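Novice: Quick one, model17.txt (compact mmCIF, C-alpha atoms):
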# COMPACT_ATOMS: atom_id res chain seq x y z
CA MET J 73 4.95 2.79 -7.39
CA SER J 74 3.03 -0.42 -6.65
CA LEU J 75 4.20 -2.98 -4.08
CA PHE J 76 5.14 -5.39 -6.88
CA SER J 77 7.14 -2.70 -8.64
CA ARG J 78 8.98 -1.83 -5.43
CA ILE J 79 9.84 -5.48 -4.81
CA LYS J 80 11.02 -5.85 -8.41
CA ALA J 81 13.16 -2.69 -8.16
CA SER J 82 14.68 -3.90 -4.86
CA PHE J 83 15.54 -7.26 -6.44
CA ARG J 84 17.22 -5.55 -9.37
CA ALA J 85 19.21 -3.36 -7.00
CA LEU J 86 20.44 -6.41 -5.07
CA PHE J 87 21.15 -8.48 -8.18
CA PRO J 88 21.88 -6.06 -11.02
CA ARG J 89 21.97 -7.47 -14.53
CA ARG J 90 25.39 -7.57 -16.13
CA TYR J 91 25.84 -6.48 -19.72
CA ALA J 92 28.59 -7.10 -22.26
CA TRP J 93 28.95 -3.34 -22.69
CA PRO J 94 29.23 -0.48 -20.15
CA GLY J 95 25.56 -0.41 -19.19
CA MET J 96 23.35 -0.63 -16.14
CA ASP J 97 19.66 -0.50 -15.28
CA ILE J 98 18.18 1.96 -12.80
CA SER J 99 14.49 2.43 -11.93
CA LEU J 100 13.40 5.77 -10.46
CA PRO J 101 10.48 6.37 -8.06
CA GLY J 102 8.41 8.01 -10.80
CA GLY J 103 8.30 4.87 -12.91
CA GLN J 104 11.19 5.85 -15.19
CA HIS J 105 13.18 2.75 -16.14
CA LEU J 106 16.60 3.76 -17.41
CA HIS J 107 19.24 1.77 -19.19
CA LEU J 108 22.39 3.87 -18.77
CA VAL J 109 25.00 3.39 -21.50
CA GLY J 110 28.61 4.51 -21.09
CA SER J 111 29.20 6.06 -24.48
CA ILE J 112 32.46 6.83 -26.21
CA HIS J 113 31.94 9.73 -28.59
CA MET J 114 34.51 8.33 -31.04
CA GLY J 115 34.97 4.61 -31.60
CA THR J 116 36.81 1.97 -33.59
CA GLN J 117 35.42 -0.01 -36.50
CA ASP J 118 35.18 -3.06 -34.21
CA MET J 119 32.58 -1.15 -32.15
CA SER J 120 30.10 -1.24 -35.03
CA PRO J 121 27.47 -2.52 -35.29
CA LEU J 122 26.23 -2.10 -31.73
CA PRO J 123 25.66 -5.21 -29.57
CA PRO J 124 22.35 -6.96 -30.43
CA GLY J 125 21.27 -6.78 -26.78
CA LEU J 126 21.64 -3.00 -26.74
CA LEU J 127 19.75 -2.67 -30.01
CA LYS J 128 16.94 -4.76 -28.51
CA LEU J 129 16.75 -2.44 -25.49
CA LEU J 130 16.61 0.56 -27.81
CA LYS J 131 13.82 -1.05 -29.82
CA GLN J 132 11.78 -1.50 -26.63
CA ALA J 133 12.46 2.03 -25.34
CA ASP J 134 10.07 4.98 -25.41
CA ALA J 135 12.92 7.34 -26.28
CA LEU J 136 16.68 7.64 -26.65
CA ILE J 137 18.32 10.18 -24.35
CA VAL J 138 21.72 11.66 -25.22
CA GLU J 139 23.87 14.53 -23.99
CA ALA J 140 23.43 16.27 -27.34
CA ASP J 141 22.03 15.25 -30.71
CA ILE J 142 25.16 15.15 -32.87
CA SER J 143 23.47 13.60 -35.90
CA GLY J 144 23.21 16.97 -37.71
CA HIS J 145 25.87 18.56 -39.90
CA GLU J 146 25.87 22.10 -38.54
CA SER J 147 29.05 23.14 -36.75
CA PRO J 148 28.49 24.69 -33.30
CA PHE J 149 31.89 26.43 -33.44
CA VAL J 150 31.14 29.19 -35.95
CA GLY J 151 32.07 32.75 -34.96
CA LEU J 152 34.06 31.92 -31.83
CA GLU J 153 37.47 33.19 -32.97
CA SER J 154 39.68 35.30 -30.71
CA ASP J 155 41.43 38.51 -31.78
CA ILE J 156 44.25 37.93 -29.30
CA PRO J 157 47.26 35.90 -30.59
CA LEU J 158 48.30 32.75 -28.75
CA ALA J 159 51.58 34.31 -27.64
CA GLU J 160 49.60 36.84 -25.58
CA ARG J 161 47.20 34.26 -24.13
CA LEU J 162 49.76 31.65 -23.07
CA SER J 163 53.00 31.73 -21.13
CA GLU J 164 56.22 30.79 -22.94
CA THR J 165 56.19 27.40 -21.22
CA GLN J 166 52.58 26.73 -22.20
CA LEU J 167 53.21 27.82 -25.77
CA ARG J 168 56.23 25.52 -26.09
CA GLU J 169 54.21 22.59 -24.75
CA LEU J 170 51.38 23.36 -27.16
CA GLU J 171 53.89 23.52 -30.04
CA ARG J 172 55.30 20.14 -29.00
CA VAL J 173 51.89 18.41 -28.89
CA ALA J 174 50.74 20.12 -32.11
CA ASP J 175 53.88 18.91 -33.85
CA GLU J 176 53.37 15.40 -32.44
CA THR J 177 49.81 15.23 -33.74
CA GLY J 178 50.41 17.02 -37.04
CA VAL J 179 48.10 19.91 -36.12
CA SER J 180 49.03 23.24 -37.68
CA LEU J 181 49.72 25.86 -35.03
CA ALA J 182 48.61 28.53 -37.50
CA MET J 183 45.18 26.87 -37.65
CA LEU J 184 44.92 27.21 -33.84
CA GLU J 185 46.16 30.80 -33.62
CA ASN J 186 42.77 32.53 -33.32
CA LEU J 187 40.72 29.80 -31.66
CA PRO J 188 39.54 29.87 -28.03
CA LEU J 189 41.85 27.88 -25.76
CA TRP J 190 39.08 25.43 -24.82
CA GLN J 191 38.48 24.74 -28.52
CA ILE J 192 42.18 24.12 -29.09
CA ALA J 193 42.04 21.58 -26.29
CA MET J 194 39.09 19.82 -27.92
CA ILE J 195 40.82 19.74 -31.33
CA LEU J 196 43.93 18.21 -29.77
CA GLN J 197 41.85 15.61 -27.92
CA ALA J 198 39.93 14.68 -31.09
CA THR J 199 43.16 14.44 -33.08
CA GLN J 200 44.69 12.22 -30.42
CA ALA J 201 41.66 9.93 -30.61
CA GLN J 202 41.93 9.78 -34.41
CA ARG J 203 45.59 8.81 -34.15
CA LEU J 204 44.51 5.94 -31.89
CA GLY J 205 42.20 4.72 -34.65
CA LEU J 206 38.93 6.22 -33.38
CA ARG J 207 36.35 7.80 -35.67
CA GLY J 208 33.21 9.80 -34.99
CA ASP J 209 31.10 7.53 -37.21
CA TYR J 210 31.79 4.65 -34.82
CA GLY J 211 30.99 6.64 -31.68
CA ILE J 212 28.36 4.91 -29.53
CA ASP J 213 25.97 7.86 -29.24
CA TYR J 214 26.27 8.58 -32.98
CA GLN J 215 25.34 4.98 -33.81
CA LEU J 216 22.46 5.00 -31.32
CA LEU J 217 21.14 8.23 -32.84
CA ASN J 218 21.22 6.75 -36.33
CA VAL J 219 19.28 3.67 -35.20
CA ALA J 220 16.77 5.83 -33.31
CA ARG J 221 16.19 8.06 -36.34
CA ALA J 222 15.72 5.05 -38.61
CA ARG J 223 13.09 3.69 -36.21
CA HIS J 224 11.45 7.10 -35.71
CA LEU J 225 12.20 6.85 -32.00
CA PRO J 226 12.01 10.14 -30.07
CA VAL J 227 15.37 11.65 -29.10
CA ILE J 228 15.70 13.71 -25.91
CA GLU J 229 18.75 15.90 -25.25
CA LEU J 230 20.08 16.30 -21.72
CA GLU J 231 21.86 19.49 -22.74
CA GLY J 232 22.23 20.08 -26.47
CA ALA J 233 25.30 21.29 -28.35
CA ASP J 234 24.54 24.97 -27.75
CA SER J 235 24.43 24.46 -23.98
CA GLN J 236 27.69 22.50 -24.07
CA ILE J 237 29.41 25.29 -26.01
CA ALA J 238 28.00 27.86 -23.58
CA LEU J 239 29.45 25.88 -20.67
CA LEU J 240 32.89 25.83 -22.28
CA ARG J 241 32.73 29.54 -23.07
CA GLN J 242 32.06 30.24 -19.39
CA LEU J 243 35.37 28.68 -18.36
CA PRO J 244 37.71 31.37 -17.01
CA ASP J 245 40.60 32.76 -19.06
CA ASP J 246 39.29 31.54 -22.40
CA GLY J 247 39.24 27.94 -21.12
CA GLN J 248 42.93 27.92 -20.31
CA ILE J 249 42.41 25.32 -17.60
CA LEU J 250 41.04 22.81 -20.12
CA LEU J 251 44.03 23.31 -22.41
CA GLU J 252 46.45 23.04 -19.47
CA ASP J 253 44.85 19.77 -18.32
CA THR J 254 44.89 18.42 -21.87
CA LEU J 255 48.60 19.11 -22.23
CA THR J 256 49.49 17.95 -18.71
CA HIS J 257 47.59 14.66 -18.91
CA TRP J 258 48.25 14.02 -22.61
CA HIS J 259 49.59 10.47 -22.29
CA THR J 260 47.25 9.58 -19.43
CA ASN J 261 44.28 10.56 -21.58
CA ALA J 262 45.52 8.27 -24.38
CA ARG J 263 45.69 5.34 -21.95
CA LEU J 264 42.22 6.16 -20.63
CA LEU J 265 40.79 6.17 -24.16
CA GLN J 266 42.27 2.73 -24.74
CA THR J 267 40.81 1.53 -21.44
CA MET J 268 37.32 2.71 -22.43
CA ILE J 269 37.63 1.04 -25.83
CA GLY J 270 38.39 -2.15 -23.93
CA TRP J 271 35.14 -1.73 -21.98
CA TRP J 272 33.28 -2.14 -25.29
CA LEU J 273 35.48 -4.69 -27.03
CA ASP J 274 36.44 -6.87 -24.06
CA ALA J 275 34.56 -6.40 -20.81
CA PRO J 276 33.02 -3.43 -18.94
CA PRO J 277 33.93 -2.52 -15.35
CA THR J 278 32.07 -4.39 -12.62
CA ASP J 279 32.54 -1.69 -9.97
CA SER J 280 30.99 1.74 -10.56
CA LYS J 281 33.34 3.17 -7.91
CA LEU J 282 36.54 2.05 -9.63
CA THR J 283 39.46 4.45 -9.50
CA LEU J 284 40.27 6.00 -12.86
CA PRO J 285 43.41 7.97 -13.79
CA SER J 286 42.91 11.70 -13.39
CA THR J 287 42.79 13.77 -16.57
CA PHE J 288 41.06 16.81 -15.02
CA SER J 289 42.04 19.16 -12.23
CA GLU J 290 39.61 19.19 -9.31
CA SER J 291 37.98 22.48 -10.32
CA LEU J 292 37.48 21.37 -13.93
CA TYR J 293 36.14 17.97 -12.83
CA ASP J 294 33.57 19.77 -10.74
CA VAL J 295 32.38 21.82 -13.74
CA LEU J 296 32.47 19.15 -16.45
CA MET J 297 31.45 16.12 -14.40
CA ASN J 298 29.87 16.77 -11.00
CA THR J 299 27.71 19.76 -11.89
CA ARG J 300 26.44 18.16 -15.09
CA ASN J 301 25.70 14.84 -13.36
CA GLU J 302 23.60 16.68 -10.79
CA ALA J 303 21.69 18.54 -13.50
CA TRP J 304 21.08 15.32 -15.41
CA ARG J 305 19.72 13.68 -12.27
CA GLU J 306 17.03 16.35 -12.07
CA THR J 307 16.19 16.01 -15.76
CA LEU J 308 15.91 12.22 -15.61
CA ASN J 309 13.75 12.31 -12.48
CA ALA J 310 11.38 14.74 -14.25
CA LEU J 311 10.77 12.39 -17.20
CA PRO J 312 7.34 10.78 -17.69
CA ALA J 313 7.11 7.15 -16.62
CA GLY J 314 8.50 4.86 -19.31
CA HIS J 315 11.54 3.00 -20.58
CA TYR J 316 14.58 4.96 -21.77
CA VAL J 317 18.03 4.24 -23.13
CA VAL J 318 20.33 6.97 -21.78
CA ALA J 319 23.71 7.40 -23.47
CA VAL J 320 26.22 9.61 -21.66
CA GLY J 321 30.01 9.74 -21.71
CA ALA J 322 31.39 6.58 -20.09
CA LEU J 323 33.28 8.54 -17.44
CA HIS J 324 29.96 9.84 -16.10
CA LEU J 325 29.04 6.28 -15.02
CA TYR J 326 32.15 5.55 -12.99
CA GLY J 327 34.33 7.14 -10.35
CA GLU J 328 33.59 9.87 -7.83
CA GLY J 329 30.17 11.55 -8.02
CA ASN J 330 29.05 9.30 -10.87
CA LEU J 331 25.55 9.60 -12.29
CA PRO J 332 24.26 6.15 -11.19
CA SER J 333 25.17 6.87 -7.56
CA LEU J 334 23.19 10.12 -7.71
CA LEU J 335 20.14 8.35 -9.11
CA LYS J 336 20.05 5.57 -6.53
Mind converting the file's structure to structure tokens?
Specialist:
Amino acid sequence: MSLFSRIKASFRALFPRRYAWPGMDISLPGGQHLHLVGSIHMGTQDMSPLPPGLLKLLKQADALIVEADISGHESPFVGLESDIPLAERLSETQLRELERVADETGVSLAMLENLPLWQIAMILQATQAQRLGLRGDYGIDYQLLNVARARHLPVIELEGADSQIALLRQLPDDGQILLEDTLTHWHTNARLLQTMIGWWLDAPPTDSKLTLPSTFSESLYDVLMNTRNEAWRETLNALPAGHYVVAVGALHLYGEGNLPSLLK
């Protein structure tokens, strides 16, 4: 990195640019200039179209980077069914709580009977988001992918859907911990979703170290957040020099062990 580039990077670090959306700029030693975007995978109609400033950054970028390219129509959940009934995989207390939340959200328990526990958790979370008015078509990464495809901009995956499914399948006890956390923090997760919507519609956080309500146990947070952030740091540092828009889940940009802190 040239002396001028180092001075420019130091200036940006001291006086970071503020955006009207959850976004921040980070320059790496290898000449990779990243605009990190705190994505919400499902959004409201008011979150479309994307802010003009973000679209301008994407137009100037060499590539869009996402956790996984979700613009296709293939389902990654085919052939994952379990032969063991829910009553044998959950305690009576857990089953009653699942029945309560399923009834609250209008999800058929029969539809969940043979699914992995981690997938049941994801279905409940997606249904909760839909009941709050969120839709996948308005998700930030989905919109970014559509714009990138229309402009023939390269798309780079940090993981890919197959890797994400593999990670979930490696969770112990059929992913019971993810289902337990989903049920335990059900109302907290709803409030957190509304908070993140506010980051896009009103104003983003100004402190990357802000304290967020816990929706994961410590062990699950380590698997789904910390470990992935560390892997992404290595991937981003290995990129060729250039300008990139990097869209990752908004929670990866804030709180303990966040991605920006690992890159600085």
Novice: Considering all atoms listed in the file, return as a PDB file with C-alpha atoms, in the frame of the given file whatever protein or nucleic-acid residues lie within 12 Å of J:Glu171, sequence-local ones (same chain, fewer than 3 positions apart) excluded.
Specialist:
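Wrote it out as selection-v3.pdb, contents follow:
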ATOM      1  CA  LEU J 158      48.300  32.750 -28.750  1.00  0.00           C
ATOM      2  CA  ALA J 159      51.580  34.310 -27.640  1.00  0.00           C
ATOM      3  CA  LEU J 162      49.760  31.650 -23.070  1.00  0.00           C
ATOM      4  CA  GLU J 164      56.220  30.790 -22.940  1.00  0.00           C
ATOM      5  CA  THR J 165      56.190  27.400 -21.220  1.00  0.00           C
ATOM      6  CA  GLN J 166      52.580  26.730 -22.200  1.00  0.00           C
ATOM      7  CA  LEU J 167      53.210  27.820 -25.770  1.00  0.00           C
ATOM      8  CA  ARG J 168      56.230  25.520 -26.090  1.00  0.00           C
ATOM      9  CA  ALA J 174      50.740  20.120 -32.110  1.00  0.00           C
ATOM     10  CA  ASP J 175      53.880  18.910 -33.850  1.00  0.00           C
ATOM     11  CA  GLU J 176      53.370  15.400 -32.440  1.00  0.00           C
ATOM     12  CA  THR J 177      49.810  15.230 -33.740  1.00  0.00           C
ATOM     13  CA  GLY J 178      50.410  17.020 -37.040  1.00  0.00           C
ATOM     14  CA  VAL J 179      48.100  19.910 -36.120  1.00  0.00           C
ATOM     15  CA  SER J 180      49.030  23.240 -37.680  1.00  0.00           C
ATOM     16  CA  LEU J 181      49.720  25.860 -35.030  1.00  0.00           C
ATOM     17  CA  ALA J 182      48.610  28.530 -37.500  1.00  0.00           C
ATOM     18  CA  LEU J 184      44.920  27.210 -33.840  1.00  0.00           C
ATOM     19  CA  GLU J 185      46.160  30.800 -33.620  1.00  0.00           C
ATOM     20  CA  ILE J 192      42.180  24.120 -29.090  1.00  0.00           C
ATOM     21  CA  LEU J 196      43.930  18.210 -29.770  1.00  0.00           C
ATOM     22  CA  LEU J 255      48.600  19.110 -22.230  1.00  0.00           C
TER      23      LEU J 255
END
Novice: Enter the distance from atom CA of J:Met114 to atom CA of J:Met96, in Å, rounded to one decimal.
Specialist: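 Computing it gives 20.7 Å between the two atoms.
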Novice: Counting only C-alpha atoms, which residues come within 12 Å of (20.4, 23.1, -27.3), with the point read in the file's coordinates, and could you list them as a ChimeraX atom specification?
Specialist: /J:138-142,148,228-239
Novice: May I have the residues within 12 Å of stretch 240-242 of chain J as a JSON list (two decimals) with C-alpha atoms, keeping the file's coordinate frame, using only C-alpha atoms and disregarding those fewer than 2 positions away in the same chain?
Specialist:
[["chain", "number", "residue", "atom", "x", "y", "z"],
["J", 148, "PRO", "CA", 28.49, 24.69, -33.30],
["J", 149, "PHE", "CA", 31.89, 26.43, -33.44],
["J", 152, "LEU", "CA", 34.06, 31.92, -31.83],
["J", 153, "GLU", "CA", 37.47, 33.19, -32.97],
["J", 154, "SER", "CA", 39.68, 35.30, -30.71],
["J", 187, "LEU", "CA", 40.72, 29.80, -31.66],
["J", 188, "PRO", "CA", 39.54, 29.87, -28.03],
["J", 189, "LEU", "CA", 41.85, 27.88, -25.76],
["J", 190, "TRP", "CA", 39.08, 25.43, -24.82],
["J", 191, "GLN", "CA", 38.48, 24.74, -28.52],
["J", 192, "ILE", "CA", 42.18, 24.12, -29.09],
["J", 193, "ALA", "CA", 42.04, 21.58, -26.29],
["J", 194, "MET", "CA", 39.09, 19.82, -27.92],
["J", 233, "ALA", "CA", 25.30, 21.29, -28.35],
["J", 234, "ASP", "CA", 24.54, 24.97, -27.75],
["J", 235, "SER", "CA", 24.43, 24.46, -23.98],
["J", 236, "GLN", "CA", 27.69, 22.50, -24.07],
["J", 237, "ILE", "CA", 29.41, 25.29, -26.01],
["J", 238, "ALA", "CA", 28.00, 27.86, -23.58],
["J", 244, "PRO", "CA", 37.71, 31.37, -17.01],
["J", 245, "ASP", "CA", 40.60, 32.76, -19.06],
["J", 246, "ASP", "CA", 39.29, 31.54, -22.40],
["J", 247, "GLY", "CA", 39.24, 27.94, -21.12],
["J", 248, "GLN", "CA", 42.93, 27.92, -20.31],
["J", 249, "ILE", "CA", 42.41, 25.32, -17.60],
["J", 250, "LEU", "CA", 41.04, 22.81, -20.12],
["J", 251, "LEU", "CA", 44.03, 23.31, -22.41],
["J", 292, "LEU", "CA", 37.48, 21.37, -13.93],
["J", 295, "VAL", "CA", 32.38, 21.82, -13.74],
["J", 296, "LEU", "CA", 32.47, 19.15, -16.45]]
Novice: Tell me which protein, DNA and RNA residues are within 9 Å of J:Tyr210, counting all atoms listed in the file, leaving out same-chain ones fewer than 2 positions away, and put them as a PDB file with C-alpha atoms, in the frame of the given file.
Specialist:
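Once written, selection-v9.pdb looks like this:
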ATOM      1  CA  ILE J 112      32.460   6.830 -26.210  1.00  0.00           C
ATOM      2  CA  HIS J 113      31.940   9.730 -28.590  1.00  0.00           C
ATOM      3  CA  MET J 114      34.510   8.330 -31.040  1.00  0.00           C
ATOM      4  CA  GLY J 115      34.970   4.610 -31.600  1.00  0.00           C
ATOM      5  CA  THR J 116      36.810   1.970 -33.590  1.00  0.00           C
ATOM      6  CA  GLN J 117      35.420  -0.010 -36.500  1.00  0.00           C
ATOM      7  CA  ASP J 118      35.180  -3.060 -34.210  1.00  0.00           C
ATOM      8  CA  MET J 119      32.580  -1.150 -32.150  1.00  0.00           C
ATOM      9  CA  SER J 120      30.100  -1.240 -35.030  1.00  0.00           C
ATOM     10  CA  PRO J 121      27.470  -2.520 -35.290  1.00  0.00           C
ATOM     11  CA  LEU J 206      38.930   6.220 -33.380  1.00  0.00           C
ATOM     12  CA  ARG J 207      36.350   7.800 -35.670  1.00  0.00           C
ATOM     13  CA  GLY J 208      33.210   9.800 -34.990  1.00  0.00           C
ATOM     14  CA  ILE J 212      28.360   4.910 -29.530  1.00  0.00           C
ATOM     15  CA  ASP J 213      25.970   7.860 -29.240  1.00  0.00           C
ATOM     16  CA  TYR J 214      26.270   8.580 -32.980  1.00  0.00           C
ATOM     17  CA  GLN J 215      25.340   4.980 -33.810  1.00  0.00           C
TER      18      GLN J 215
END
Novice: Just to confirm, what's the straight-line distance from atom CA of J:Trp93 to atom CA of J:Asp274 in Å (one decimal)?
Specialist: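 That distance, rounded to one decimal, is 8.4 Å.
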Novice: Identify the residues around (34.3, -2.0, -10.1) within a radius of 12 Å, measuring from all atoms listed in the file in the coordinates stated by the file, and give them as a PyMOL selection string.
Specialist: chain J and resi 94+271+275-284+325-327
Novice: Quick one, how far is atom CA of J:Ser111 from atom CA of J:Leu126?
Specialist: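 Separating atom CA of J:Ser111 from atom CA of J:Leu126 is a distance of 12.0 Å.
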Novice: Taking only C-alpha atoms into account, which of J:Arg89, J:His315, J:Arg221, J:Arg161 comes nearest J:Gly144?
Specialist: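 Going through J:Arg89, J:His315, J:Arg221, J:Arg161 one by one, the smallest distance to J:Gly144 is for J:Arg221.
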Novice: Do you know which residues are at most 10 Å from J:Leu127 counting all atoms listed in the file, after dropping those on the same chain fewer than 4 positions away, and could you put them as a ChimeraX atom specification?
Specialist: /J:121-123,131-133,216,219-220,317
Novice: Quick one: everything within 12 Å of J:Asn261, counting only C-alpha atoms, minus sequence neighbours fewer than 5 positions away in the same chain. Send it as a PDB file with C-alpha atoms, in the coordinates of the input.
Specialist:
ATOM      1  CA  LEU J 196      43.930  18.210 -29.770  1.00  0.00           C
ATOM      2  CA  GLN J 197      41.850  15.610 -27.920  1.00  0.00           C
ATOM      3  CA  ALA J 198      39.930  14.680 -31.090  1.00  0.00           C
ATOM      4  CA  GLN J 200      44.690  12.220 -30.420  1.00  0.00           C
ATOM      5  CA  ALA J 201      41.660   9.930 -30.610  1.00  0.00           C
ATOM      6  CA  LEU J 204      44.510   5.940 -31.890  1.00  0.00           C
ATOM      7  CA  ASP J 253      44.850  19.770 -18.320  1.00  0.00           C
ATOM      8  CA  THR J 254      44.890  18.420 -21.870  1.00  0.00           C
ATOM      9  CA  LEU J 255      48.600  19.110 -22.230  1.00  0.00           C
ATOM     10  CA  THR J 256      49.490  17.950 -18.710  1.00  0.00           C
ATOM     11  CA  GLN J 266      42.270   2.730 -24.740  1.00  0.00           C
ATOM     12  CA  THR J 267      40.810   1.530 -21.440  1.00  0.00           C
ATOM     13  CA  MET J 268      37.320   2.710 -22.430  1.00  0.00           C
ATOM     14  CA  LEU J 284      40.270   6.000 -12.860  1.00  0.00           C
ATOM     15  CA  PRO J 285      43.410   7.970 -13.790  1.00  0.00           C
ATOM     16  CA  SER J 286      42.910  11.700 -13.390  1.00  0.00           C
ATOM     17  CA  THR J 287      42.790  13.770 -16.570  1.00  0.00           C
ATOM     18  CA  PHE J 288      41.060  16.810 -15.020  1.00  0.00           C
ATOM     19  CA  LEU J 323      33.280   8.540 -17.440  1.00  0.00           C
TER      20      LEU J 323
END
Novice: Restricting the calculation to only C-alpha atoms: of J:Gly314, J:Gly270, J:Gly329, J:Gly110, which residue gets closest to J:Tyr293?
Specialist: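 Looking only at the distances to J:Tyr293, the closest residue turns out to be J:Gly329.
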